[in-house]
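Data file: run19.cif. Format and content: mmCIF, C-alpha atoms.
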```cif
data_run
#
loop_
_atom_site.label_atom_id
_atom_site.label_comp_id
_atom_site.auth_asym_id
_atom_site.auth_seq_id
_atom_site.Cartn_x
_atom_site.Cartn_y
_atom_site.Cartn_z
CA MET A 20 113.31 116.27 58.16
CA GLU A 21 111.36 116.60 61.39
CA GLU A 22 109.66 113.22 60.84
CA GLU A 23 113.05 111.50 60.38
CA ASN A 24 114.07 112.51 63.91
CA GLN A 25 110.95 111.06 65.48
CA THR A 26 111.04 107.69 67.19
CA ASP A 27 108.30 105.19 67.96
CA LEU A 28 109.83 104.28 71.31
CA VAL A 29 111.67 106.30 73.93
CA THR A 30 113.73 104.26 76.38
CA ILE A 31 114.76 105.59 79.78
CA PHE A 32 117.13 103.93 82.23
CA ILE A 33 116.89 104.74 85.92
CA ILE A 34 120.20 103.98 87.62
CA SER A 35 120.50 104.35 91.38
CA ASP A 36 122.52 103.17 94.36
CA SER A 37 119.24 102.89 96.29
CA ALA A 38 115.57 102.30 95.37
CA GLY A 39 115.60 104.81 92.50
CA GLU A 40 112.39 106.52 93.56
CA THR A 41 113.63 110.08 92.98
CA ALA A 42 114.74 109.46 89.41
CA SER A 43 111.65 107.36 88.68
CA LYS A 44 109.33 110.16 89.74
CA LEU A 45 111.10 112.62 87.46
CA ALA A 46 110.92 110.17 84.56
CA GLN A 47 107.23 109.51 85.14
CA ALA A 48 106.42 113.21 85.44
CA SER A 49 108.21 113.83 82.13
CA MET A 50 106.58 110.86 80.41
CA ALA A 51 103.14 112.10 81.44
CA GLN A 52 103.62 115.12 79.16
CA TYR A 53 103.63 112.82 76.12
CA PRO A 54 100.49 110.64 76.25
CA THR A 55 100.90 109.55 72.61
CA VAL A 56 104.53 108.45 72.95
CA GLU A 57 105.44 104.87 73.80
CA PHE A 58 108.00 104.58 76.58
CA CYS A 59 110.10 101.76 77.95
CA LEU A 60 111.36 102.36 81.48
CA PHE A 61 114.17 100.24 82.93
CA ARG A 62 115.24 100.39 86.56
CA ARG A 63 118.74 99.39 87.64
CA THR A 64 118.74 99.87 91.40
CA PHE A 65 121.03 99.22 94.35
CA ILE A 66 124.10 99.69 92.16
CA SER A 67 126.99 99.26 94.60
CA SER A 68 130.01 98.57 92.40
CA ALA A 69 131.68 99.73 89.19
CA GLU A 70 131.00 96.30 87.69
CA LEU A 71 127.24 96.55 88.22
CA LEU A 72 127.21 100.14 87.02
CA LEU A 73 129.08 99.39 83.80
CA LYS A 74 126.73 96.53 83.02
CA ALA A 75 123.74 98.84 83.47
CA LEU A 76 125.37 101.54 81.34
CA LYS A 77 126.16 99.08 78.55
CA ASP A 78 122.57 97.85 78.60
CA ALA A 79 121.41 101.44 78.33
CA LYS A 80 123.78 102.08 75.42
CA ASN A 81 122.42 99.04 73.57
CA GLU A 82 118.93 100.53 73.89
CA ASN A 83 120.11 104.06 72.97
CA ALA A 84 118.45 105.09 76.21
CA MET A 85 118.19 108.30 78.14
CA ILE A 86 119.86 107.87 81.53
CA ILE A 87 118.69 109.47 84.77
CA HIS A 88 120.80 108.54 87.75
CA THR A 89 121.17 109.12 91.48
CA LEU A 90 124.62 107.84 92.45
CA ILE A 91 126.07 109.49 95.54
CA ASP A 92 129.46 107.73 95.37
CA PRO A 93 131.76 110.20 93.53
CA LYS A 94 133.60 107.33 91.84
CA LEU A 95 130.42 105.77 90.46
CA SER A 96 129.00 109.11 89.47
CA ARG A 97 132.20 109.91 87.57
CA ILE A 98 132.12 106.54 85.78
CA ALA A 99 128.54 107.21 84.66
CA GLU A 100 129.44 110.72 83.50
CA GLU A 101 132.46 109.59 81.47
CA PHE A 102 130.70 106.58 79.94
CA CYS A 103 127.70 108.64 78.81
CA GLU A 104 129.90 111.39 77.37
CA GLN A 105 131.93 108.88 75.36
CA ALA A 106 128.83 107.00 74.20
CA GLY A 107 126.93 110.17 73.33
CA LEU A 108 124.04 109.27 75.65
CA PHE A 109 121.74 111.78 77.26
CA HIS A 110 122.33 111.65 80.99
CA MET A 111 121.20 113.57 84.04
CA ASP A 112 122.68 113.44 87.53
CA LEU A 113 119.84 114.42 89.86
CA LEU A 114 121.68 114.18 93.13
CA ASN A 115 125.23 115.48 93.07
CA PRO A 116 124.73 119.05 91.78
CA VAL A 117 122.42 119.81 94.72
CA VAL A 118 124.57 117.90 97.23
CA ASN A 119 127.68 119.75 96.04
CA GLU A 120 125.96 123.12 96.35
CA ILE A 121 124.86 122.31 99.91
CA GLU A 122 128.46 121.33 100.70
CA ARG A 123 129.66 124.64 99.30
CA ARG A 124 127.18 126.67 101.32
CA ALA A 125 127.42 124.71 104.57
CA SER A 126 131.15 123.98 104.36
CA ILE A 127 130.41 120.42 105.47
CA GLU A 128 131.24 117.30 103.50
CA PRO A 129 128.33 114.95 102.80
CA THR A 130 128.28 111.42 104.18
CA TYR A 131 128.16 109.89 100.68
CA GLU A 132 125.87 107.20 102.07
CA PRO A 133 123.63 105.42 99.52
CA GLY A 134 119.97 105.27 100.50
CA ALA A 135 120.38 107.71 103.40
CA LEU A 136 116.85 108.97 102.70
CA HIS A 137 115.39 105.63 103.77
CA HIS A 138 116.92 105.27 107.23
CA LEU A 139 114.83 103.39 109.78
CA ASN A 140 115.01 106.39 112.09
CA ASP A 141 112.48 108.04 114.40
CA ASN A 142 110.92 109.78 111.42
CA TYR A 143 110.35 106.47 109.69
CA PHE A 144 108.59 105.00 112.72
CA LYS A 145 106.43 108.12 113.02
CA ARG A 146 105.27 107.43 109.49
CA ILE A 147 104.43 103.84 110.39
CA LYS A 148 102.37 105.10 113.35
CA ALA A 149 100.57 107.55 111.05
CA LEU A 150 99.70 104.69 108.70
CA GLU A 151 98.42 102.60 111.61
CA PHE A 152 96.35 105.59 112.74
CA ALA A 153 94.79 105.94 109.26
CA VAL A 154 93.82 102.27 109.22
CA LYS A 155 92.43 102.35 112.76
CA TYR A 156 90.27 105.41 112.14
CA ASP A 157 89.29 104.68 108.54
CA ASP A 158 85.65 104.85 107.50
CA GLY A 159 84.46 106.38 110.78
CA LYS A 160 85.33 103.28 112.84
CA ASP A 161 85.95 105.33 115.97
CA ALA A 162 85.03 109.00 116.14
CA LYS A 163 87.37 109.49 119.09
CA GLY A 164 90.19 109.50 116.57
CA PHE A 165 88.96 112.85 115.25
CA LEU A 166 90.25 114.51 118.41
CA ASP A 167 93.82 113.31 117.83
CA ALA A 168 93.92 113.60 114.03
CA ASP A 169 95.89 116.19 112.09
CA ILE A 170 93.28 115.99 109.33
CA VAL A 171 89.69 114.70 109.28
CA LEU A 172 88.36 113.86 105.82
CA LEU A 173 84.63 113.85 105.17
CA GLY A 174 82.87 112.72 102.04
CA VAL A 175 80.19 110.62 100.40
CA SER A 176 81.10 107.20 99.05
CA ARG A 177 83.73 107.18 96.26
CA THR A 178 85.39 110.52 97.01
CA SER A 179 88.79 108.89 97.69
CA LYS A 180 88.71 109.19 101.49
CA THR A 181 90.71 106.04 102.23
CA PRO A 182 93.37 106.45 99.50
CA LEU A 183 93.85 110.06 100.55
CA SER A 184 94.13 109.06 104.21
CA LEU A 185 96.89 106.57 103.43
CA PHE A 186 98.70 108.93 101.08
CA LEU A 187 98.71 111.71 103.67
CA ALA A 188 99.75 109.23 106.36
CA ASN A 189 102.87 108.59 104.28
CA LYS A 190 103.68 112.23 104.94
CA ASN A 191 103.57 111.58 108.71
CA LEU A 192 100.11 113.08 109.10
CA LYS A 193 97.49 111.42 111.29
CA VAL A 194 94.30 111.21 109.25
CA ALA A 195 90.82 109.98 110.14
CA ASN A 196 87.88 109.89 107.75
CA LEU A 197 84.12 109.65 107.92
CA PRO A 198 81.68 108.55 105.20
CA LEU A 199 78.65 110.83 104.89
CA ILE A 200 75.19 109.37 104.41
CA PRO A 201 72.02 111.50 104.51
CA GLN A 202 70.14 111.28 107.80
CA ALA A 203 73.01 109.30 109.32
CA HIS A 204 74.28 110.21 112.79
CA ILE A 205 77.07 112.79 112.76
CA PRO A 206 79.52 112.16 115.64
CA LYS A 207 79.62 114.93 118.23
CA GLN A 208 83.45 114.88 118.09
CA LEU A 209 83.24 116.46 114.65
CA PHE A 210 81.96 119.67 116.24
CA GLN A 211 84.57 119.59 118.99
CA ILE A 212 87.62 120.00 116.77
CA ASP A 213 89.07 122.97 114.94
CA PRO A 214 87.28 123.26 111.56
CA LYS A 215 90.67 124.09 110.07
CA LYS A 216 91.53 120.40 110.54
CA ILE A 217 88.47 119.26 108.58
CA VAL A 218 88.36 118.73 104.82
CA GLY A 219 85.11 118.15 102.97
CA LEU A 220 85.52 116.07 99.82
CA THR A 221 83.01 116.35 97.01
CA ASN A 222 82.70 115.18 93.42
CA ASP A 223 80.73 115.85 90.25
CA PRO A 224 77.50 113.82 90.04
CA GLU A 225 78.36 112.40 86.62
CA VAL A 226 81.75 111.24 87.83
CA LEU A 227 80.25 109.58 90.89
CA ILE A 228 77.62 107.81 88.81
CA SER A 229 80.32 106.41 86.53
CA ILE A 230 82.60 105.35 89.39
CA ARG A 231 79.83 103.68 91.37
CA LYS A 232 78.48 101.79 88.36
CA GLU A 233 81.97 100.53 87.61
CA ARG A 234 82.38 99.43 91.20
CA MET A 235 79.16 97.41 91.03
CA ARG A 236 80.28 95.80 87.78
CA ALA A 237 83.58 94.86 89.42
CA TYR A 238 81.59 92.92 92.01
CA GLY A 239 79.55 91.23 89.29
CA LEU A 240 76.41 93.11 90.33
CA ASN A 241 73.81 95.15 88.49
CA PRO A 242 75.20 98.68 88.06
CA GLU A 243 71.72 100.22 87.97
CA THR A 244 70.97 100.44 91.70
CA ALA A 245 70.15 103.09 94.27
CA TYR A 246 73.91 103.35 94.87
CA SER A 247 74.39 104.84 91.39
CA ASP A 248 71.02 106.59 91.09
CA ARG A 249 71.37 110.21 90.01
CA ASP A 250 68.76 111.59 92.44
CA LYS A 251 70.23 109.65 95.36
CA ILE A 252 73.74 110.88 94.56
CA GLN A 253 72.53 114.46 94.23
CA ALA A 254 70.86 114.19 97.63
CA GLU A 255 74.07 112.81 99.17
CA LEU A 256 76.13 115.66 97.73
CA GLU A 257 73.65 118.28 98.94
CA PHE A 258 73.66 116.74 102.42
CA ALA A 259 77.47 116.79 102.47
CA ASN A 260 77.71 120.37 101.22
CA GLU A 261 75.24 121.58 103.85
CA LEU A 262 77.35 119.94 106.54
CA TYR A 263 80.53 121.51 105.13
CA GLN A 264 78.92 124.94 105.27
CA LYS A 265 77.76 124.33 108.82
CA LEU A 266 81.27 123.27 109.88
CA GLY A 267 82.99 126.03 107.93
CA CYS A 268 85.63 123.61 106.67
CA TYR A 269 87.80 123.56 103.57
CA VAL A 270 86.12 121.86 100.59
CA VAL A 271 87.81 120.29 97.58
CA ASN A 272 86.23 118.72 94.52
CA VAL A 273 88.24 115.61 93.67
CA ALA A 274 86.65 115.10 90.24
CA ASN A 275 89.60 116.32 88.19
CA TYR A 276 92.49 115.71 90.56
CA SER A 277 94.71 112.75 91.25
CA ILE A 278 95.29 111.59 94.82
CA GLU A 279 98.65 113.37 94.79
CA GLU A 280 97.15 116.63 93.54
CA THR A 281 94.27 116.51 96.02
CA ALA A 282 96.69 115.84 98.88
CA ALA A 283 98.85 118.78 97.80
CA LYS A 284 95.81 121.09 97.71
CA ILE A 285 94.76 119.94 101.18
CA MET A 286 98.21 120.42 102.68
CA ASN A 287 98.51 123.85 101.11
CA ALA A 288 95.05 124.94 102.30
CA LEU A 289 95.64 123.65 105.84
CA ASP A 290 99.20 125.02 105.89
CA LEU A 291 100.68 121.58 106.62
CA GLU A 292 104.21 120.51 105.75
CA ASP A 293 105.39 117.15 104.43
CA HIS A 294 107.26 115.74 107.44
CA SER A 295 108.06 112.38 105.88
CA TYR A 296 111.65 113.29 105.05
CA TYR A 297 112.54 115.71 107.83
CA PHE A 298 115.80 114.97 109.60
CA MET A 299 115.81 117.83 112.08
CA GLU A 300 114.25 117.55 115.52
CA ASP A 301 110.92 119.25 116.18
CA ALA A 302 111.25 122.81 117.45
CA GLU A 303 109.97 121.91 120.90
CA ASP A 304 112.82 119.41 121.25
CA ASP A 305 115.48 122.11 120.81
#
```
As structure tokens - that is how I would like this structure written.
Amino acid sequence: MEEENQTDLVTIFIISDSAGETASKLAQASMAQYPTVEFCLFRRTFISSAELLLKALKDAKNENAMIIHTLIDPKLSRIAEEFCEQAGLFHMDLLNPVVNEIERRASIEPTYEPGALHHLNDNYFKRIKALEFAVKYDDGKDAKGFLDADIVLLGVSRTSKTPLSLFLANKNLKVANLPLIPQAHIPKQLFQIDPKKIVGLTNDPEVLISIRKERMRAYGLNPETAYSDRDKIQAELEFANELYQKLGCYVVNVANYSIEETAAKIMNALDLEDHSYYFMEDAEDD
């Protein structure tokens, strides 16, 4: 009986009045728990009318899909609720239960504005400046950036310094990074900043060997070079770890973590908040 209820394909519809990022992230996080299941993910975004919504809902019904939606308009949300109930479709409203509870507690009616999260406000432009900062001070281009950075990432080649810098910049954090090479000059600015702003990235030797060989192959080059040599990599890692101990900075091994997980560990260790979606003014502006 259990085998009869199994399906070879699980279809999920994301329906949103904006970009659908919130619902998509939930769907992807759920899908990741089932690596052996085949999924089909449809996105129906910027739904602004009952006509568009009903078309999306009918398409979902034809696929016997699960529906995850973020529709702030009460009328559209109600249409989705009623349609799914009548069609017997699994559905989840991610937005309105929380919005309604905030309204109850704050005694203030919401704006009911689609896509309000993505306003081109001051916070948005701060994020753009943080991204520009990350690009400008990537790969140790200018050590002066260390003095103004919220985070300084250190690491040998292939420890995800640049991807991490850009990911953290999306959270309105100014990030600079420096590649570490044995016997290379270490900028004096590194010793002039609070070590609590510095993060030392490391990796397992075997992982680095694999990554570097693959990188050489991607360039059409011989993977067996000094760049992927075990002894050379071990020396690089030892050099980096000695510097981390000297600085007294936070160290994280990225071998088994995604960019998102590594970023979360860094922000937690450095006691930094994600400012990318803050709408309130900074405390000093009060």
Translate the PyMOL selection byres ((chain A and resi 60-65) around 12), as applied to the file shown, into an explicit residue set as a JSON list (two decimals) with C-alpha atoms, in the frame of the given file.
```json
[["chain", "number", "residue", "atom", "x", "y", "z"],
["A", 28, "LEU", "CA", 109.83, 104.28, 71.31],
["A", 29, "VAL", "CA", 111.67, 106.30, 73.93],
["A", 30, "THR", "CA", 113.73, 104.26, 76.38],
["A", 31, "ILE", "CA", 114.76, 105.59, 79.78],
["A", 32, "PHE", "CA", 117.13, 103.93, 82.23],
["A", 33, "ILE", "CA", 116.89, 104.74, 85.92],
["A", 34, "ILE", "CA", 120.20, 103.98, 87.62],
["A", 35, "SER", "CA", 120.50, 104.35, 91.38],
["A", 36, "ASP", "CA", 122.52, 103.17, 94.36],
["A", 37, "SER", "CA", 119.24, 102.89, 96.29],
["A", 38, "ALA", "CA", 115.57, 102.30, 95.37],
["A", 39, "GLY", "CA", 115.60, 104.81, 92.50],
["A", 40, "GLU", "CA", 112.39, 106.52, 93.56],
["A", 41, "THR", "CA", 113.63, 110.08, 92.98],
["A", 42, "ALA", "CA", 114.74, 109.46, 89.41],
["A", 43, "SER", "CA", 111.65, 107.36, 88.68],
["A", 44, "LYS", "CA", 109.33, 110.16, 89.74],
["A", 45, "LEU", "CA", 111.10, 112.62, 87.46],
["A", 46, "ALA", "CA", 110.92, 110.17, 84.56],
["A", 47, "GLN", "CA", 107.23, 109.51, 85.14],
["A", 49, "SER", "CA", 108.21, 113.83, 82.13],
["A", 50, "MET", "CA", 106.58, 110.86, 80.41],
["A", 57, "GLU", "CA", 105.44, 104.87, 73.80],
["A", 58, "PHE", "CA", 108.00, 104.58, 76.58],
["A", 59, "CYS", "CA", 110.10, 101.76, 77.95],
["A", 66, "ILE", "CA", 124.10, 99.69, 92.16],
["A", 67, "SER", "CA", 126.99, 99.26, 94.60],
["A", 68, "SER", "CA", 130.01, 98.57, 92.40],
["A", 69, "ALA", "CA", 131.68, 99.73, 89.19],
["A", 71, "LEU", "CA", 127.24, 96.55, 88.22],
["A", 72, "LEU", "CA", 127.21, 100.14, 87.02],
["A", 73, "LEU", "CA", 129.08, 99.39, 83.80],
["A", 74, "LYS", "CA", 126.73, 96.53, 83.02],
["A", 75, "ALA", "CA", 123.74, 98.84, 83.47],
["A", 76, "LEU", "CA", 125.37, 101.54, 81.34],
["A", 77, "LYS", "CA", 126.16, 99.08, 78.55],
["A", 78, "ASP", "CA", 122.57, 97.85, 78.60],
["A", 79, "ALA", "CA", 121.41, 101.44, 78.33],
["A", 82, "GLU", "CA", 118.93, 100.53, 73.89],
["A", 84, "ALA", "CA", 118.45, 105.09, 76.21],
["A", 85, "MET", "CA", 118.19, 108.30, 78.14],
["A", 86, "ILE", "CA", 119.86, 107.87, 81.53],
["A", 87, "ILE", "CA", 118.69, 109.47, 84.77],
["A", 88, "HIS", "CA", 120.80, 108.54, 87.75],
["A", 89, "THR", "CA", 121.17, 109.12, 91.48],
["A", 90, "LEU", "CA", 124.62, 107.84, 92.45],
["A", 91, "ILE", "CA", 126.07, 109.49, 95.54],
["A", 133, "PRO", "CA", 123.63, 105.42, 99.52],
["A", 134, "GLY", "CA", 119.97, 105.27, 100.50]]
```
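Between CA of Lys148 in chain A and CA of Glu292 in chain A lies a distance of 17.3 Å.
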> How many Å lie between CA of Pro214 in chain A and CA of Asp250 in chain A, rounded to one decimal?
Replying inline: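 CA of Pro214 in chain A sits 29.1 Å away from CA of Asp250 in chain A.
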> Contacts of Lys163 in chain A at 10 Å or less, counting all atoms listed in the file, minus same-chain residues fewer than 3 places along, as a PyMOL selection string?
Replying inline: chain A and resi 156+159-160+166-168+195+206-209
>> List as a list of chain:residue names the residues having at least one atom at most 12 Å from position (80.8, 124.3, 102.5) as given in the file, counting all atoms listed in the file.
In response: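 Taken together, the residues in range are A:Leu173, A:Gly174, A:Pro214, A:Ile217, A:Val218, A:Gly219, A:Leu220, A:Thr221, A:Leu256, A:Glu257, A:Phe258, A:Ala259, A:Asn260, A:Glu261, A:Leu262, A:Tyr263, A:Gln264, A:Lys265, A:Leu266, A:Gly267, A:Cys268, A:Tyr269, A:Val270, A:Val271, A:Asn272.
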> Can you tell me, as a ChimeraX atom specification, what residues are no more than 8 Å from Asn196 in chain A when counting all atoms listed in the file, ignoring any on the same chain fewer than 6 positions away?
Replying inline: /A:156-159,171-173,180-181,184
Given the selection you just returned, output its residues as a file containing C-alpha atoms, formatted as a PDB file, keeping the file's coordinate frame.
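To be explicit, this is the file written out as part24.pdb:
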```
ATOM      1  CA  TYR A 156      90.270 105.410 112.140  1.00  0.00           C
ATOM      2  CA  ASP A 157      89.290 104.680 108.540  1.00  0.00           C
ATOM      3  CA  ASP A 158      85.650 104.850 107.500  1.00  0.00           C
ATOM      4  CA  GLY A 159      84.460 106.380 110.780  1.00  0.00           C
ATOM      5  CA  VAL A 171      89.690 114.700 109.280  1.00  0.00           C
ATOM      6  CA  LEU A 172      88.360 113.860 105.820  1.00  0.00           C
ATOM      7  CA  LEU A 173      84.630 113.850 105.170  1.00  0.00           C
ATOM      8  CA  LYS A 180      88.710 109.190 101.490  1.00  0.00           C
ATOM      9  CA  THR A 181      90.710 106.040 102.230  1.00  0.00           C
ATOM     10  CA  SER A 184      94.130 109.060 104.210  1.00  0.00           C
TER      11      SER A 184
END
```
> What is the CA of Lys145 in chain A-CA of Val273 in chain A distance in Å, reported with one decimal?
Replying inline: 27.6 Å
>> Counting only C-alpha atoms, which residue out of A:Gly239, A:Ala162, A:Ala188, A:Lys80 sits closest to Ile205 in chain A?
In response: A:Ala162
> Which residue, A:Tyr53, A:Glu233, A:Ile228, A:Asn140, has the smallest gap to Ala245 in chain A when you use all atoms listed in the file?
Replying inline: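 Distance minimum relative to Ala245 in chain A lands on A:Ile228.
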>> Evaluated on this file, the PyMOL selection byres ((chain A and resi 189) around 12) picks out some residues - which ones are they, written as a VMD selection string?
In response: chain A and resid 142 to 153 182 to 188 190 to 194 279 282 293 to 296
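Residue nearest Gly107 in chain A, chosen from A:Lys94, A:Asp290, A:Asn83, A:Pro129 and counting only C-alpha atoms: A:Asn83.
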>> Please enumerate the residues selected by the PyMOL selection byres ((chain A and resi 201) around 7) when evaluated against the supplied file, formatted as a ChimeraX atom specification.
In response: /A:199-200,202-203,255,258
